[in-house]
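Participant: Can you keep this structure in mind? I'll have questions shortly.
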Amino acid sequence: MIAPIVRELLLPISSAQAFEMLTHLKNWWPAEYTWSKEVLKTVGVEPKEGGFFYEESLHGFRLDWGTVIQWKVNERLIFLWQIAPGSIPEPNPEKASTVQVDFIAQNEGTLLRLEHRDFERYGAKAEEFFAAMDSAYGWTYLLSCYEKKMREVI
């Protein structure tokens, strides 16, 4: 079993603000982490259980790359990460890993706690994919983009 990746950010904003900012992907998700790259129109999430994380290009191409499992406004977001090793879309949810983001109220703000787990579902390339997402160019980079945008707004 592969241990989950865990990242935490202490944010000087309310859990409601942190949740809203995180779920408005178009405001902070880096274009280089999409398939559309320079022709990216938008990236977003449908705000409901069963909704999709998606991207859409300027040419109308849409790709769903995650499915919302739990949507608890201002508290928790759990979704399937339907991107396989090599940045290949994974349409089978049984072969996708799971990302859970909790928004925990603190005295002066919010603790954002992200856990990415279930890497075993990727089979032979599970360790390699774990290493990529655990690296400076994985969740560390993605959350730094989120935090940078959050600090620009407050």
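In the structure tokens, chains take the letters A, B, ... in the order shown, each chain's residues start at 1, and ligands count up from 1 in the order shown.
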What residues in chain A get the DSSP label strand (DSSP E or B)? Please answer as number ranges by chain.
Facilitator: A: 5-11, 40-45, 52-57, 62-72, 76-81, 83-84, 88-89, 97-106, 109-117
Participant: Per residue of range 107-148 of chain A within 10 Å of range 85-103 of chain A, which atom pair is closest and at what distance in Å (one decimal), using only C-alpha atoms, listed by chain and increasing number, as a tab-separated table?
Facilitator:
```
residue	atom	partner	partner_atom	distance
A:Gly109	CA	A:Phe103	CA	9.8
A:Thr110	CA	A:Phe103	CA	6.2
A:Leu111	CA	A:Phe103	CA	5.8
A:Leu112	CA	A:Phe103	CA	4.8
A:Arg113	CA	A:Asp102	CA	5.1
A:Leu114	CA	A:Val101	CA	4.4
A:Glu115	CA	A:Gln100	CA	5.2
A:His116	CA	A:Val99	CA	4.4
A:Arg117	CA	A:Thr98	CA	5.3
A:Asp118	CA	A:Ser97	CA	4.7
A:Phe119	CA	A:Ser97	CA	5.5
A:Glu120	CA	A:Ser97	CA	8.0
A:Arg121	CA	A:Lys95	CA	4.9
A:Tyr122	CA	A:Lys95	CA	6.0
A:Gly123	CA	A:Lys95	CA	8.5
A:Ala124	CA	A:Pro85	CA	9.8
A:Lys125	CA	A:Pro85	CA	6.5
A:Ala126	CA	A:Pro85	CA	7.5
A:Glu127	CA	A:Pro85	CA	9.6
A:Glu128	CA	A:Pro85	CA	7.5
A:Phe129	CA	A:Pro85	CA	5.3
A:Phe130	CA	A:Pro85	CA	8.8
A:Ala132	CA	A:Pro85	CA	8.7
A:Met133	CA	A:Pro85	CA	9.8
```
Participant: For range 18-30 of chain A, work out the shell of residues within 7 Å, counting only C-alpha atoms and skipping chain neighbours fewer than 3 positions away, then give it as a ChimeraX atom specification.
Facilitator: /A:13-15,33,42-45,74,145-146,149
Participant: Quote the spacing between CA of Glu8 in chain A and CA of Pro47 in chain A in Å to one decimal place.
Facilitator: 22.7 Å
Participant: Might you pull out every residue within 9 Å of range 60-64 of chain A, with only C-alpha atoms counted and same-chain residues fewer than 5 positions away left off, and present them as a list in words?
Facilitator: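 Residues near the query, excluding close chain neighbours: Trp35, Ser36, Lys41, Phe52, Phe53, Tyr54, Glu55, Gln82, Pro89 and Pro91 of chain A.
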Participant: Keeping only N, CA and C atoms, write those residues as an mmCIF file, in the first residue's frame.
Facilitator:
```cif
data_model
loop_
_atom_site.group_PDB
_atom_site.id
_atom_site.type_symbol
_atom_site.label_atom_id
_atom_site.label_comp_id
_atom_site.auth_asym_id
_atom_site.auth_seq_id
_atom_site.Cartn_x
_atom_site.Cartn_y
_atom_site.Cartn_z
ATOM 1 N N TRP A 35 -4.562 19.800 -20.727
ATOM 2 C CA TRP A 35 -4.239 19.284 -22.059
ATOM 3 C C TRP A 35 -4.333 20.403 -23.086
ATOM 4 N N SER A 36 -5.169 21.393 -22.835
ATOM 5 C CA SER A 36 -5.382 22.485 -23.788
ATOM 6 C C SER A 36 -4.213 23.459 -23.851
ATOM 7 N N LYS A 41 -9.532 27.650 -22.655
ATOM 8 C CA LYS A 41 -10.580 28.652 -22.468
ATOM 9 C C LYS A 41 -10.931 28.763 -20.992
ATOM 10 N N PHE A 52 -18.432 17.207 -12.592
ATOM 11 C CA PHE A 52 -17.124 16.924 -13.173
ATOM 12 C C PHE A 52 -16.154 18.080 -13.002
ATOM 13 N N PHE A 53 -14.877 17.746 -12.822
ATOM 14 C CA PHE A 53 -13.784 18.676 -13.018
ATOM 15 C C PHE A 53 -13.501 18.607 -14.511
ATOM 16 N N TYR A 54 -13.320 19.740 -15.147
ATOM 17 C CA TYR A 54 -13.199 19.734 -16.598
ATOM 18 C C TYR A 54 -12.327 20.885 -17.079
ATOM 19 N N GLU A 55 -11.940 20.772 -18.327
ATOM 20 C CA GLU A 55 -11.319 21.881 -19.024
ATOM 21 C C GLU A 55 -11.975 21.993 -20.387
ATOM 22 N N GLN A 82 -9.045 11.544 -12.194
ATOM 23 C CA GLN A 82 -9.103 10.649 -13.342
ATOM 24 C C GLN A 82 -8.038 10.981 -14.379
ATOM 25 N N PRO A 89 -5.835 10.649 -19.650
ATOM 26 C CA PRO A 89 -7.168 10.610 -19.042
ATOM 27 C C PRO A 89 -7.560 9.175 -18.674
ATOM 28 N N PRO A 91 -10.845 7.189 -17.916
ATOM 29 C CA PRO A 91 -12.304 7.231 -17.877
ATOM 30 C C PRO A 91 -12.946 6.265 -16.884
#
```
Participant: So the first atom is CA of Phe79 in chain A and the second is CA of Ile5 in chain A; what is the distance between them in Å, to one decimal place?
Facilitator: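 Interatomic distance, CA of Phe79 in chain A to CA of Ile5 in chain A: 14.7 Å.
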Participant: Just to confirm, what's the straight-line distance from CA of Leu143 in chain A to CA of Trp65 in chain A in Å (one decimal)?
Facilitator: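 Value for the CA of Leu143 in chain A-CA of Trp65 in chain A distance: 17.7 Å.
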Participant: Here is a test: counting only C-alpha atoms, which residue of A:Ala131, A:Leu58, A:Leu11, A:Ala105 is nearest to Ser144 in chain A?
Facilitator: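 Using only C-alpha atoms, Ser144 in chain A sits closest to A:Leu11.
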Participant: Return as JSON, numbers by chain the full set of residues in chain A whose backbone-based DSSP assignment is helix (DSSP H, G or I).
Facilitator: {"A": [15, 16, 17, 18, 19, 20, 21, 22, 23, 25, 26, 27, 31, 32, 33, 37, 38, 39, 93, 94, 95, 119, 120, 121, 122, 123, 124, 125, 126, 127, 128, 129, 130, 131, 132, 133, 134, 139, 140, 141, 142, 143, 144, 145, 146, 147, 148, 149, 150, 151, 152, 153]}
